[in-house]
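File shown: model-v3.txt (compact mmCIF, C-alpha atoms).
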```txt
# COMPACT_ATOMS: atom_id res chain seq x y z
CA MET A 1 14.14 13.65 -48.68
CA GLU A 2 14.62 15.07 -45.21
CA PHE A 3 12.14 14.79 -42.42
CA ALA A 4 11.82 17.58 -39.88
CA LYS A 5 13.07 16.65 -36.41
CA PRO A 6 10.27 16.40 -33.86
CA SER A 7 9.87 19.56 -31.85
CA ALA A 8 10.53 19.67 -28.12
CA ASP A 9 6.78 19.90 -27.50
CA MET A 10 6.13 16.79 -29.60
CA GLN A 11 8.82 14.88 -27.71
CA VAL A 12 7.33 15.94 -24.38
CA SER A 13 3.82 14.91 -25.39
CA GLU A 14 5.13 11.55 -26.67
CA ALA A 15 6.87 10.94 -23.34
CA ALA A 16 3.72 11.98 -21.47
CA ALA A 17 1.65 9.56 -23.56
CA LYS A 18 4.09 6.72 -22.75
CA GLU A 19 3.91 7.59 -19.06
CA MET A 20 0.11 7.48 -19.23
CA LYS A 21 0.35 4.02 -20.79
CA MET A 22 2.57 3.02 -17.89
CA ASP A 23 -0.18 4.21 -15.52
CA VAL A 24 -2.59 1.88 -17.29
CA LEU A 25 -0.13 -1.05 -17.17
CA VAL A 26 0.59 -0.63 -13.46
CA GLY A 27 -3.10 -0.12 -12.65
CA THR A 28 -4.06 -3.22 -14.62
CA ILE A 29 -1.45 -5.39 -12.87
CA LEU A 30 -2.67 -4.23 -9.47
CA LEU A 31 -6.33 -4.74 -10.35
CA GLY A 32 -5.67 -8.15 -11.93
CA GLY A 33 -3.64 -9.34 -8.94
CA VAL A 34 -6.22 -8.27 -6.39
CA LEU A 35 -9.11 -9.77 -8.39
CA LEU A 36 -7.31 -13.11 -8.87
CA SER A 37 -6.43 -13.19 -5.19
CA MET A 38 -10.04 -12.46 -4.21
CA ILE A 39 -11.37 -15.15 -6.58
CA LEU A 40 -9.05 -17.76 -5.06
CA VAL A 41 -10.01 -16.79 -1.50
CA VAL A 42 -13.74 -16.81 -2.34
CA ILE A 43 -13.43 -20.26 -3.98
CA GLY A 44 -11.66 -21.55 -0.87
CA LEU A 45 -14.23 -20.11 1.51
CA CYS A 46 -17.22 -21.29 -0.59
CA TRP A 47 -15.75 -24.77 -0.88
CA LYS A 48 -15.19 -24.90 2.87
CA TRP A 49 -18.76 -23.68 3.49
CA THR A 50 -20.38 -26.21 1.14
CA HIS A 51 -18.49 -29.11 2.78
CA THR A 52 -18.65 -28.12 6.44
CA GLY A 53 -21.35 -25.44 6.70
CA SER A 54 -18.76 -23.02 8.08
CA VAL A 55 -16.29 -20.61 6.50
CA SER A 56 -14.03 -20.52 9.55
CA GLU A 57 -10.47 -21.79 9.11
CA ASN A 58 -7.73 -21.71 11.71
CA TYR A 59 -4.14 -22.54 10.80
CA GLN A 60 -0.79 -20.77 10.89
CA LEU A 61 1.84 -20.49 8.16
CA LYS A 62 4.85 -21.08 10.34
CA GLY A 63 8.51 -20.82 9.60
CA MET A 64 8.54 -20.28 5.84
CA ASN A 65 9.20 -17.33 3.60
CA LEU A 66 7.06 -16.46 0.59
CA ILE A 67 9.23 -18.38 -1.85
CA GLN A 68 9.00 -21.55 0.26
CA LEU A 69 5.25 -21.00 0.56
CA VAL A 70 4.89 -20.66 -3.21
CA LEU A 71 6.87 -23.88 -3.75
CA GLN A 72 4.71 -25.70 -1.18
CA GLU A 73 1.49 -24.54 -2.88
CA ILE A 74 2.75 -25.63 -6.30
CA HIS A 75 3.77 -29.00 -4.87
CA LEU A 76 0.32 -29.52 -3.33
CA ALA A 77 -1.47 -28.47 -6.51
CA VAL A 78 0.67 -30.71 -8.73
CA HIS A 79 0.03 -33.69 -6.46
CA GLY A 80 -3.71 -33.10 -6.59
CA ALA A 81 -4.05 -32.10 -2.95
CA LEU A 82 -6.85 -29.69 -3.80
CA ARG A 83 -8.75 -28.46 -0.76
CA PRO A 84 -10.17 -25.15 0.50
CA ARG A 85 -6.98 -24.35 2.38
CA LEU A 86 -4.91 -24.52 -0.82
CA PHE A 87 -7.11 -21.92 -2.52
CA ILE A 88 -7.09 -19.57 0.47
CA THR A 89 -3.32 -19.76 0.85
CA SER A 90 -2.86 -19.35 -2.91
CA GLY A 91 -5.01 -16.21 -2.75
CA ILE A 92 -2.68 -14.82 -0.08
CA VAL A 93 0.38 -15.74 -2.16
CA VAL A 94 -1.07 -14.01 -5.25
CA LEU A 95 -1.87 -10.94 -3.16
CA MET A 96 1.70 -10.74 -1.86
CA LEU A 97 3.15 -11.20 -5.34
CA THR A 98 0.97 -8.43 -6.84
CA PRO A 99 3.05 -5.40 -5.72
CA TYR A 100 6.19 -7.40 -6.50
CA LEU A 101 5.01 -7.94 -10.07
CA ARG A 102 4.14 -4.26 -10.32
CA VAL A 103 7.73 -3.36 -9.42
CA ILE A 104 9.13 -5.87 -11.98
CA ALA A 105 6.88 -4.34 -14.67
CA SER A 106 8.01 -0.85 -13.68
CA VAL A 107 11.69 -1.77 -14.02
CA GLY A 108 10.94 -3.18 -17.48
CA TYR A 109 8.87 -0.18 -18.58
CA PHE A 110 11.32 2.45 -17.35
CA SER A 111 14.20 0.66 -19.09
CA ALA A 112 12.66 -0.70 -22.32
CA ILE A 113 9.98 1.86 -23.18
CA LEU A 114 10.78 5.14 -21.42
CA LYS A 115 14.59 4.66 -21.52
CA ASN A 116 14.70 6.50 -18.19
CA TRP A 117 17.85 5.06 -16.62
CA LYS A 118 17.53 7.09 -13.44
CA TYR A 119 14.16 5.51 -12.62
CA THR A 120 15.27 2.13 -13.91
CA LEU A 121 17.95 2.27 -11.21
CA PHE A 122 15.52 3.41 -8.51
CA THR A 123 12.96 0.70 -9.28
CA ALA A 124 15.73 -1.92 -9.57
CA ILE A 125 16.87 -1.00 -6.05
CA VAL A 126 13.28 -1.45 -4.81
CA LEU A 127 13.14 -4.81 -6.59
CA ILE A 128 16.41 -6.02 -5.01
CA VAL A 129 15.32 -5.10 -1.47
CA LEU A 130 11.90 -6.71 -1.98
CA THR A 131 13.49 -9.87 -3.37
CA TYR A 132 15.72 -10.01 -0.30
CA SER A 133 12.64 -9.72 1.93
CA LEU A 134 10.90 -12.58 0.10
CA PHE A 135 13.88 -14.87 0.78
CA LEU A 136 14.09 -13.72 4.40
CA ARG A 137 14.87 -16.36 7.03
CA MET B 138 -11.56 -17.96 16.62
CA VAL B 139 -13.48 -14.84 15.57
CA PRO B 140 -16.45 -15.75 13.32
CA PHE B 141 -16.76 -14.60 9.70
CA HIS B 142 -19.89 -12.52 10.32
CA LEU B 143 -17.95 -10.30 12.75
CA LEU B 144 -14.64 -10.10 10.87
CA PHE B 145 -16.09 -9.32 7.45
CA PRO B 146 -18.10 -6.13 8.23
CA VAL B 147 -15.27 -4.75 10.37
CA ALA B 148 -12.92 -5.28 7.44
CA VAL B 149 -15.32 -3.57 4.99
CA LEU B 150 -15.40 -0.48 7.22
CA ALA B 151 -11.61 -0.49 7.61
CA GLY B 152 -11.09 -0.73 3.85
CA PHE B 153 -13.50 2.14 3.20
CA VAL B 154 -11.84 4.47 5.71
CA GLY B 155 -8.37 3.43 4.55
CA ALA B 156 -9.07 4.30 0.92
CA MET B 157 -10.86 7.57 1.74
CA SER B 158 -8.00 8.83 3.87
CA GLY B 159 -5.02 7.22 2.13
CA MET B 160 -4.10 5.61 5.44
CA GLY B 161 -4.36 2.05 4.16
CA GLY B 162 -7.05 0.42 6.29
CA GLY B 163 -4.88 -0.90 9.11
CA ILE B 164 -5.44 2.16 11.20
CA VAL B 165 -9.05 1.11 11.81
CA LEU B 166 -8.52 -2.61 11.44
CA ILE B 167 -5.97 -3.15 14.22
CA PRO B 168 -7.99 -1.46 17.00
CA ALA B 169 -11.10 -3.32 15.78
CA LEU B 170 -9.37 -6.73 15.64
CA THR B 171 -7.94 -6.33 19.13
CA LEU B 172 -11.44 -5.39 20.38
CA LEU B 173 -12.61 -8.70 18.89
CA GLY B 174 -10.04 -10.50 21.06
CA ILE B 175 -7.19 -11.04 18.58
CA ASP B 176 -3.66 -10.61 19.96
CA ILE B 177 -2.15 -7.31 18.81
CA LYS B 178 0.88 -8.93 17.11
CA HIS B 179 -1.40 -11.22 15.09
CA ALA B 180 -3.66 -8.23 14.38
CA ILE B 181 -0.64 -6.29 13.10
CA ALA B 182 0.39 -9.20 10.86
CA ILE B 183 -3.12 -9.66 9.41
CA SER B 184 -3.46 -5.92 9.02
CA ILE B 185 -0.24 -5.46 7.09
CA LEU B 186 -1.28 -8.29 4.76
CA SER B 187 -4.69 -6.71 4.22
CA VAL B 188 -2.97 -3.38 3.64
CA ILE B 189 -1.47 -4.89 0.47
CA ALA B 190 -5.02 -5.60 -0.70
CA THR B 191 -6.33 -2.15 0.23
CA SER B 192 -3.41 -0.40 -1.34
CA SER B 193 -3.44 -2.42 -4.55
CA GLY B 194 -7.22 -2.22 -4.92
CA SER B 195 -7.32 1.54 -4.41
CA ALA B 196 -4.10 2.27 -6.27
CA SER B 197 -5.27 0.35 -9.35
CA ALA B 198 -8.05 2.91 -9.86
CA TYR B 199 -6.01 5.98 -8.87
CA VAL B 200 -3.11 5.07 -11.16
CA ARG B 201 -5.34 4.43 -14.17
CA ASP B 202 -7.11 7.75 -13.48
CA HIS B 203 -3.63 9.40 -13.70
CA ILE B 204 -3.88 10.95 -10.23
CA THR B 205 -1.00 8.97 -8.68
CA ASN B 206 2.53 10.20 -9.42
CA LEU B 207 4.47 6.99 -10.20
CA LYS B 208 7.88 8.65 -10.07
CA VAL B 209 7.25 10.09 -6.61
CA GLY B 210 6.07 6.65 -5.53
CA MET B 211 9.00 4.73 -7.01
CA PHE B 212 11.57 7.12 -5.58
CA LEU B 213 10.16 7.12 -2.05
CA GLU B 214 9.60 3.34 -1.97
CA MET B 215 13.36 2.85 -1.83
CA PHE B 216 13.27 4.32 1.66
CA THR B 217 9.98 2.97 3.01
CA ILE B 218 10.67 -0.70 2.30
CA VAL B 219 13.96 -0.70 4.18
CA GLY B 220 12.19 1.02 7.07
CA ALA B 221 9.40 -1.59 7.01
CA LEU B 222 11.88 -4.47 7.34
CA VAL B 223 13.45 -2.75 10.37
CA GLY B 224 10.07 -1.95 11.93
CA ALA B 225 8.69 -5.48 11.63
CA ARG B 226 11.80 -6.89 13.30
CA ILE B 227 11.28 -4.48 16.21
CA THR B 228 7.65 -5.60 16.65
CA LEU B 229 8.72 -9.23 16.96
CA ALA B 230 11.14 -8.24 19.73
CA VAL B 231 9.02 -5.96 21.97
CA SER B 232 6.08 -6.58 24.35
CA ARG B 233 2.45 -5.67 23.58
CA GLY B 234 1.81 -2.64 25.84
CA PRO B 235 4.31 -0.36 24.10
CA LEU B 236 2.81 -1.33 20.73
CA TYR B 237 -0.62 0.01 21.79
CA ILE B 238 0.91 3.24 23.06
CA ALA B 239 3.15 3.66 20.02
CA PHE B 240 0.13 3.15 17.79
CA GLY B 241 -1.84 5.85 19.62
CA VAL B 242 1.09 8.30 19.71
CA VAL B 243 1.67 7.94 15.96
CA LEU B 244 -2.00 8.65 15.28
CA LEU B 245 -2.21 11.70 17.55
CA SER B 246 1.10 13.10 16.27
CA SER B 247 -0.24 12.82 12.74
CA TRP B 248 -3.45 14.54 13.79
CA ALA B 249 -1.65 17.44 15.52
CA ALA B 250 0.77 18.00 12.66
CA LEU B 251 -2.00 18.08 10.12
CA LEU B 252 -4.16 20.40 12.22
CA LEU B 253 -1.39 22.92 12.92
CA ALA B 254 0.27 22.90 9.56
CA GLY B 255 -2.03 25.25 7.68
CA LYS B 256 -4.06 24.39 4.67
CA GLY B 257 -2.97 22.19 1.87
CA TRP B 258 -0.23 22.30 -0.65
CA HIS B 259 1.74 25.22 -1.96
CA THR B 260 2.96 26.13 -5.39
CA GLY B 261 6.49 27.47 -5.61
CA GLU B 262 9.93 26.97 -7.07
CA GLN B 263 11.42 23.49 -7.17
CA ASP B 264 14.85 22.90 -5.66
CA ALA B 265 17.56 21.40 -7.87
CA VAL B 266 17.45 17.94 -6.28
CA THR B 267 13.70 17.52 -6.70
CA ARG B 268 13.90 18.86 -10.26
CA TRP B 269 16.62 16.30 -11.05
CA LEU B 270 14.33 13.61 -9.64
CA GLU B 271 11.56 14.74 -12.05
CA LEU B 272 9.03 14.96 -9.20
CA GLU B 273 6.35 17.05 -10.88
CA GLY B 274 3.20 16.35 -12.81
CA SER B 275 -0.46 17.08 -13.35
CA TYR B 276 -3.72 15.32 -12.62
CA PRO B 277 -7.38 15.68 -13.60
CA ASP B 278 -9.40 16.95 -10.61
CA GLN B 279 -13.03 15.86 -11.03
CA ALA B 280 -14.26 18.03 -8.15
CA LEU B 281 -12.70 21.19 -9.66
CA GLY B 282 -13.28 20.15 -13.27
CA ALA B 283 -9.69 21.09 -14.20
CA VAL B 284 -6.23 19.64 -14.76
CA ILE B 285 -4.04 20.68 -11.81
CA GLU B 286 -0.30 21.09 -12.39
CA TYR B 287 2.14 20.83 -9.50
CA LYS B 288 5.84 20.61 -8.69
CA GLY B 289 7.21 18.59 -5.78
CA ARG B 290 9.81 20.12 -3.46
CA ARG B 291 12.32 19.14 -0.75
CA ALA B 292 12.77 15.49 -1.78
CA TYR B 293 15.99 15.49 0.29
CA PHE B 294 13.85 15.90 3.44
CA GLY B 295 11.00 13.72 2.20
CA ALA B 296 13.20 10.66 1.51
CA PRO B 297 14.67 10.15 5.02
CA MET B 298 11.30 10.95 6.58
CA MET B 299 9.78 8.20 4.44
CA PHE B 300 12.33 5.79 5.89
CA GLY B 301 10.89 6.68 9.30
CA ALA B 302 7.34 6.21 7.98
CA GLY B 303 8.44 2.79 6.69
CA ILE B 304 9.67 1.81 10.16
CA ILE B 305 6.31 2.75 11.64
CA ALA B 306 4.50 0.87 8.86
CA GLY B 307 6.42 -2.33 9.56
CA LEU B 308 6.25 -1.81 13.33
CA LEU B 309 2.49 -1.22 13.59
CA GLY B 310 1.14 -2.86 10.43
CA ILE B 311 -0.76 0.26 9.42
CA GLY B 312 0.83 1.07 6.09
CA ALA B 313 1.68 4.42 7.73
CA GLY B 314 -0.37 6.16 5.08
CA ALA B 315 -1.14 8.88 7.60
CA LEU B 316 2.52 9.85 7.85
CA LYS B 317 3.20 9.35 4.17
CA VAL B 318 0.35 11.68 3.23
CA LEU B 319 1.71 14.27 5.68
CA ILE B 320 5.22 14.04 4.25
CA HIS B 321 3.96 14.32 0.67
CA ASP B 322 1.64 17.18 1.56
CA LEU B 323 3.55 19.30 4.05
CA VAL B 324 7.21 18.54 3.29
CA MET B 325 7.14 17.84 -0.45
CA GLY B 326 4.32 20.24 -1.36
CA LEU B 327 2.17 17.79 -3.32
CA PRO B 328 -1.58 18.40 -3.68
CA PRO B 329 -3.68 16.40 -1.19
CA LYS B 330 -5.18 14.07 -3.78
CA VAL B 331 -1.76 13.29 -5.25
CA SER B 332 -0.43 12.79 -1.70
CA THR B 333 -3.22 10.40 -0.83
CA THR B 334 -3.18 8.38 -4.03
CA THR B 335 0.63 8.14 -4.24
CA SER B 336 0.67 7.09 -0.59
CA ASN B 337 -1.69 4.27 -1.53
CA LEU B 338 0.75 3.04 -4.17
CA ILE B 339 3.74 3.13 -1.83
CA ILE B 340 1.84 1.40 0.99
CA GLY B 341 1.49 -1.85 -0.99
CA VAL B 342 5.19 -2.36 -1.55
CA THR B 343 6.05 -1.21 1.98
CA ALA B 344 3.51 -3.64 3.43
CA LEU B 345 4.93 -6.51 1.37
CA ALA B 346 8.34 -6.03 2.97
CA GLY B 347 6.79 -6.07 6.46
CA THR B 348 4.48 -9.00 5.66
CA SER B 349 7.46 -11.15 4.67
CA VAL B 350 8.91 -10.78 8.18
CA TYR B 351 5.57 -11.63 9.86
CA LEU B 352 4.99 -14.58 7.52
CA PHE B 353 8.27 -16.20 8.48
CA ALA B 354 7.56 -15.51 12.17
CA GLY B 355 4.32 -17.54 11.88
CA LEU B 356 2.02 -14.65 12.76
CA ILE B 357 -0.21 -14.92 9.67
CA ASN B 358 -3.33 -17.05 10.11
CA PRO B 359 -4.95 -17.48 6.66
CA GLY B 360 -8.28 -18.41 8.28
CA LEU B 361 -8.45 -14.98 9.91
CA ALA B 362 -6.80 -13.20 7.01
CA ALA B 363 -9.21 -14.44 4.30
CA PRO B 364 -12.41 -12.68 5.46
CA VAL B 365 -10.40 -9.60 6.41
CA ILE B 366 -8.84 -9.34 2.95
CA LEU B 367 -12.22 -9.76 1.22
CA GLY B 368 -13.88 -7.13 3.39
CA VAL B 369 -11.02 -4.67 3.13
CA VAL B 370 -10.98 -4.82 -0.68
CA ALA B 371 -14.76 -4.34 -0.90
CA GLY B 372 -14.55 -1.29 1.38
CA ALA B 373 -11.53 0.10 -0.47
CA PHE B 374 -13.25 0.02 -3.84
CA ALA B 375 -16.23 1.91 -2.42
CA GLY B 376 -13.96 4.48 -0.74
CA THR B 377 -11.91 4.99 -3.89
CA ARG B 378 -14.96 5.78 -6.00
CA LEU B 379 -16.11 8.35 -3.46
CA LEU B 380 -12.70 10.02 -2.99
CA VAL B 381 -12.34 11.26 -6.59
CA ARG B 382 -15.68 13.09 -6.30
CA LEU B 383 -14.85 14.93 -3.07
CA SER B 384 -13.00 18.22 -2.57
CA ASN B 385 -9.51 18.29 -1.01
CA GLN B 386 -10.95 19.95 2.11
CA SER B 387 -13.53 17.20 2.66
CA VAL B 388 -10.79 14.56 2.56
CA ARG B 389 -8.78 16.56 5.08
CA TYR B 390 -11.60 16.92 7.63
CA PHE B 391 -12.44 13.23 7.37
CA PHE B 392 -8.79 12.32 7.86
CA LEU B 393 -8.49 14.54 10.98
CA PHE B 394 -11.58 13.05 12.60
CA VAL B 395 -10.45 9.43 12.18
CA LEU B 396 -6.92 10.12 13.47
CA LEU B 397 -8.16 11.80 16.67
CA ILE B 398 -10.66 9.12 17.70
CA LEU B 399 -8.39 6.15 17.09
CA GLY B 400 -5.31 7.78 18.64
CA ILE B 401 -7.04 8.37 21.98
CA GLU B 402 -8.57 4.90 22.00
CA MET B 403 -5.27 3.07 21.49
CA ILE B 404 -3.31 5.05 24.10
CA VAL B 405 -6.00 4.39 26.71
CA ARG B 406 -5.77 0.67 26.02
CA GLY B 407 -1.99 0.61 26.24
CA LEU B 408 -1.83 2.28 29.68
```
Would you mind writing the file's structure down as structure tokens?
Amino acid sequence: MEFAKPSADMQVSEAAAKEMKMDVLVGTILLGGVLLSMILVVIGLCWKWTHTGSVSENYQLKGMNLIQLVLQEIHLAVHGALRPRLFITSGIVVLMLTPYLRVIASVGYFSAILKNWKYTLFTAIVLIVLTYSLFLR
Amino acid sequence: MVPFHLLFPVAVLAGFVGAMSGMGGGIVLIPALTLLGIDIKHAIAISILSVIATSSGSASAYVRDHITNLKVGMFLEMFTIVGALVGARITLAVSRGPLYIAFGVVLLSSWAALLLAGKGWHTGEQDAVTRWLELEGSYPDQALGAVIEYKGRRAYFGAPMMFGAGIIAGLLGIGAGALKVLIHDLVMGLPPKVSTTTSNLIIGVTALAGTSVYLFAGLINPGLAAPVILGVVAGAFAGTRLLVRLSNQSVRYFFLFVLLILGIEMIVRGL
């Protein structure tokens, strides 16, 4: 038995449907990242307020790139150094990693699902430059 | 130290305006933070961090509503992020006065270009380069009640201009959404809503590149950044919901008004 080959219109609509799913994936990553970041910041501020009666914090993140900051936050969390500052800084880290994760997901989607090698290359270039910036010294 | 009850409402307003105009929030936030007594370089660093929040918050809705053109965004990001790294390095090296003036000049240039450039986007034939880049699409326009089809043009001009927009984004911490919208609209022929929403997507990645430079330079104070981020996201969500219900012309008038006021204010302060 032979099956008819899909028409050009069917192929186009299938590609369009996959691209719409990519919209949903990218939108969900962005929304999830921002929400998680906000939750962490709100926890930090509420904790600070309940203990000191103020939500004001004042400290600088000096001389470290995002990767070093992530490692420092993980180290503090693992060693039980939980405090408002850890949550606020973690919220900032999550926020910064959100567009980065969106680019990683885009590289994966363009290559694995859409098989669009042109845009896999473009997004991979974006990913490489961003990765360089995160390791900046 | 600026108290929470001052920082938070200013950030809500900045997020709202940023989402409505596609400019990214920093354009209102930086003048406001400096008026509250924060040093302009720290204001730029906090702003560019908050721009990630504005952009991601707004873009999450625009992308899922299928208004944003992901391919246009992904292609142009290659140029803006390199520009942002260069721009942020320049900010670390220069004094504060020129930063105020540069900020004002960028705003007024954007205002003049948009005012003189005629009305909106144009349909027409795609060039071969832009066709090869697959920079076309369609989006559902709630205000018109129709699906609008469009084809991008002149990507070969748009790409290097986006590198310049990236430099300004990194330099001034504004996301440079104003310039990105102009390039999408006037150079690449994209409809205003696609220009604005795709600009929002690009701004997040561009801002991340700039933020990395400011983070390592020690210009990010999480205590100041936390209320700003919260306020900016709240304002951005409100602005995003309103944008999809407005006509293209309404967005344009709003955009023009904000650019003019802030441009004059910053130049006066830099002199």
Residues of chain A near chain B: apply a cut-off of 7 Å, count only C-alpha atoms, and supply the list as a PDB file with C-alpha atoms, in the coordinates of the input.
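And here is the file that came out, selection-v6.pdb:
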```
ATOM      1  CA  MET A  20       0.110   7.480 -19.230  1.00  0.00           C
ATOM      2  CA  ASP A  23      -0.180   4.210 -15.520  1.00  0.00           C
ATOM      3  CA  VAL A  24      -2.590   1.880 -17.290  1.00  0.00           C
ATOM      4  CA  GLY A  27      -3.100  -0.120 -12.650  1.00  0.00           C
ATOM      5  CA  THR A  28      -4.060  -3.220 -14.620  1.00  0.00           C
ATOM      6  CA  LEU A  30      -2.670  -4.230  -9.470  1.00  0.00           C
ATOM      7  CA  LEU A  31      -6.330  -4.740 -10.350  1.00  0.00           C
ATOM      8  CA  VAL A  34      -6.220  -8.270  -6.390  1.00  0.00           C
ATOM      9  CA  MET A  38     -10.040 -12.460  -4.210  1.00  0.00           C
ATOM     10  CA  VAL A  41     -10.010 -16.790  -1.500  1.00  0.00           C
ATOM     11  CA  VAL A  55     -16.290 -20.610   6.500  1.00  0.00           C
ATOM     12  CA  SER A  56     -14.030 -20.520   9.550  1.00  0.00           C
ATOM     13  CA  GLU A  57     -10.470 -21.790   9.110  1.00  0.00           C
ATOM     14  CA  ASN A  58      -7.730 -21.710  11.710  1.00  0.00           C
ATOM     15  CA  TYR A  59      -4.140 -22.540  10.800  1.00  0.00           C
ATOM     16  CA  GLN A  60      -0.790 -20.770  10.890  1.00  0.00           C
ATOM     17  CA  LEU A  61       1.840 -20.490   8.160  1.00  0.00           C
ATOM     18  CA  LYS A  62       4.850 -21.080  10.340  1.00  0.00           C
ATOM     19  CA  GLY A  63       8.510 -20.820   9.600  1.00  0.00           C
ATOM     20  CA  MET A  64       8.540 -20.280   5.840  1.00  0.00           C
ATOM     21  CA  ASN A  65       9.200 -17.330   3.600  1.00  0.00           C
ATOM     22  CA  LEU A  66       7.060 -16.460   0.590  1.00  0.00           C
ATOM     23  CA  ILE A  88      -7.090 -19.570   0.470  1.00  0.00           C
ATOM     24  CA  THR A  89      -3.320 -19.760   0.850  1.00  0.00           C
ATOM     25  CA  LEU A  95      -1.870 -10.940  -3.160  1.00  0.00           C
ATOM     26  CA  MET A  96       1.700 -10.740  -1.860  1.00  0.00           C
ATOM     27  CA  PRO A  99       3.050  -5.400  -5.720  1.00  0.00           C
ATOM     28  CA  PHE A 122      15.520   3.410  -8.510  1.00  0.00           C
ATOM     29  CA  THR A 123      12.960   0.700  -9.280  1.00  0.00           C
ATOM     30  CA  ILE A 125      16.870  -1.000  -6.050  1.00  0.00           C
ATOM     31  CA  VAL A 126      13.280  -1.450  -4.810  1.00  0.00           C
ATOM     32  CA  LEU A 130      11.900  -6.710  -1.980  1.00  0.00           C
ATOM     33  CA  SER A 133      12.640  -9.720   1.930  1.00  0.00           C
ATOM     34  CA  LEU A 134      10.900 -12.580   0.100  1.00  0.00           C
ATOM     35  CA  ARG A 137      14.870 -16.360   7.030  1.00  0.00           C
TER      36      ARG A 137
END
```
| said: If I take atom CA of Ile167 of chain B and atom CA of Ala180 of chain B, how far is one from the other in Å, to one decimal? | reply: 5.6 Å
Within 7 Å of segment 305-313 of chain B, counting all atoms listed in the file, which residues show up once you throw out same-chain ones fewer than 6 positions away? Write them as an mmCIF file with C-alpha atoms, keeping the file's coordinate frame, please.
```
data_model
loop_
_atom_site.group_PDB
_atom_site.id
_atom_site.type_symbol
_atom_site.label_atom_id
_atom_site.label_comp_id
_atom_site.auth_asym_id
_atom_site.auth_seq_id
_atom_site.Cartn_x
_atom_site.Cartn_y
_atom_site.Cartn_z
ATOM 1 C CA MET B 160 -4.100 5.610 5.440
ATOM 2 C CA GLY B 161 -4.360 2.050 4.160
ATOM 3 C CA GLY B 163 -4.880 -0.900 9.110
ATOM 4 C CA ILE B 164 -5.440 2.160 11.200
ATOM 5 C CA ILE B 181 -0.640 -6.290 13.100
ATOM 6 C CA ALA B 182 0.390 -9.200 10.860
ATOM 7 C CA SER B 184 -3.460 -5.920 9.020
ATOM 8 C CA ILE B 185 -0.240 -5.460 7.090
ATOM 9 C CA VAL B 188 -2.970 -3.380 3.640
ATOM 10 C CA ALA B 221 9.400 -1.590 7.010
ATOM 11 C CA LEU B 222 11.880 -4.470 7.340
ATOM 12 C CA GLY B 224 10.070 -1.950 11.930
ATOM 13 C CA ALA B 225 8.690 -5.480 11.630
ATOM 14 C CA ILE B 227 11.280 -4.480 16.210
ATOM 15 C CA THR B 228 7.650 -5.600 16.650
ATOM 16 C CA PHE B 240 0.130 3.150 17.790
ATOM 17 C CA ILE B 340 1.840 1.400 0.990
ATOM 18 C CA ALA B 344 3.510 -3.640 3.430
ATOM 19 C CA GLY B 347 6.790 -6.070 6.460
#
```
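Coordinates place atom CA of Met325 of chain B at a distance of 6.2 Å from atom CA of Ala292 of chain B.
The space separating atom CA of Leu40 of chain A from atom CA of Thr334 of chain B comes to 26.8 Å.
Proximity to Arg378 of chain B was assessed for B:Pro329, B:Pro277, B:Leu396, B:Phe153 counting all atoms listed in the file; the smallest distance is recorded for B:Phe153.
The list of residues with at least one atom within 7 Å of Pro84 of chain A, based on only C-alpha atoms and without residues fewer than 4 positions apart in the same chain, reads Gly44, Leu45, Trp47, Lys48 and Ile88 of chain A.
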Could you pull segment 34-53 of chain A out of the block above and save it with C-alpha atoms, as a PDB file, in the first residue's frame?
```pdb
ATOM      1  CA  VAL A  34      10.645  35.768  35.927  1.00  0.00           C
ATOM      2  CA  LEU A  35       8.094  34.290  38.351  1.00  0.00           C
ATOM      3  CA  LEU A  36      10.724  32.169  40.141  1.00  0.00           C
ATOM      4  CA  SER A  37      13.022  35.160  40.361  1.00  0.00           C
ATOM      5  CA  MET A  38      10.233  37.333  41.785  1.00  0.00           C
ATOM      6  CA  ILE A  39       9.273  34.653  44.335  1.00  0.00           C
ATOM      7  CA  LEU A  40      12.871  34.422  45.578  1.00  0.00           C
ATOM      8  CA  VAL A  41      13.208  38.202  45.845  1.00  0.00           C
ATOM      9  CA  VAL A  42       9.857  38.525  47.657  1.00  0.00           C
ATOM     10  CA  ILE A  43      10.840  35.754  50.124  1.00  0.00           C
ATOM     11  CA  GLY A  44      14.122  37.562  50.797  1.00  0.00           C
ATOM     12  CA  LEU A  45      12.462  40.931  51.315  1.00  0.00           C
ATOM     13  CA  CYS A  46       9.649  39.496  53.508  1.00  0.00           C
ATOM     14  CA  TRP A  47      12.165  37.593  55.623  1.00  0.00           C
ATOM     15  CA  LYS A  48      14.253  40.723  56.055  1.00  0.00           C
ATOM     16  CA  TRP A  49      11.137  42.725  56.989  1.00  0.00           C
ATOM     17  CA  THR A  50       9.890  40.204  59.563  1.00  0.00           C
ATOM     18  CA  HIS A  51      13.305  40.110  61.285  1.00  0.00           C
ATOM     19  CA  THR A  52      14.320  43.762  61.136  1.00  0.00           C
ATOM     20  CA  GLY A  53      11.144  45.714  60.345  1.00  0.00           C
TER      21      GLY A  53
END
```
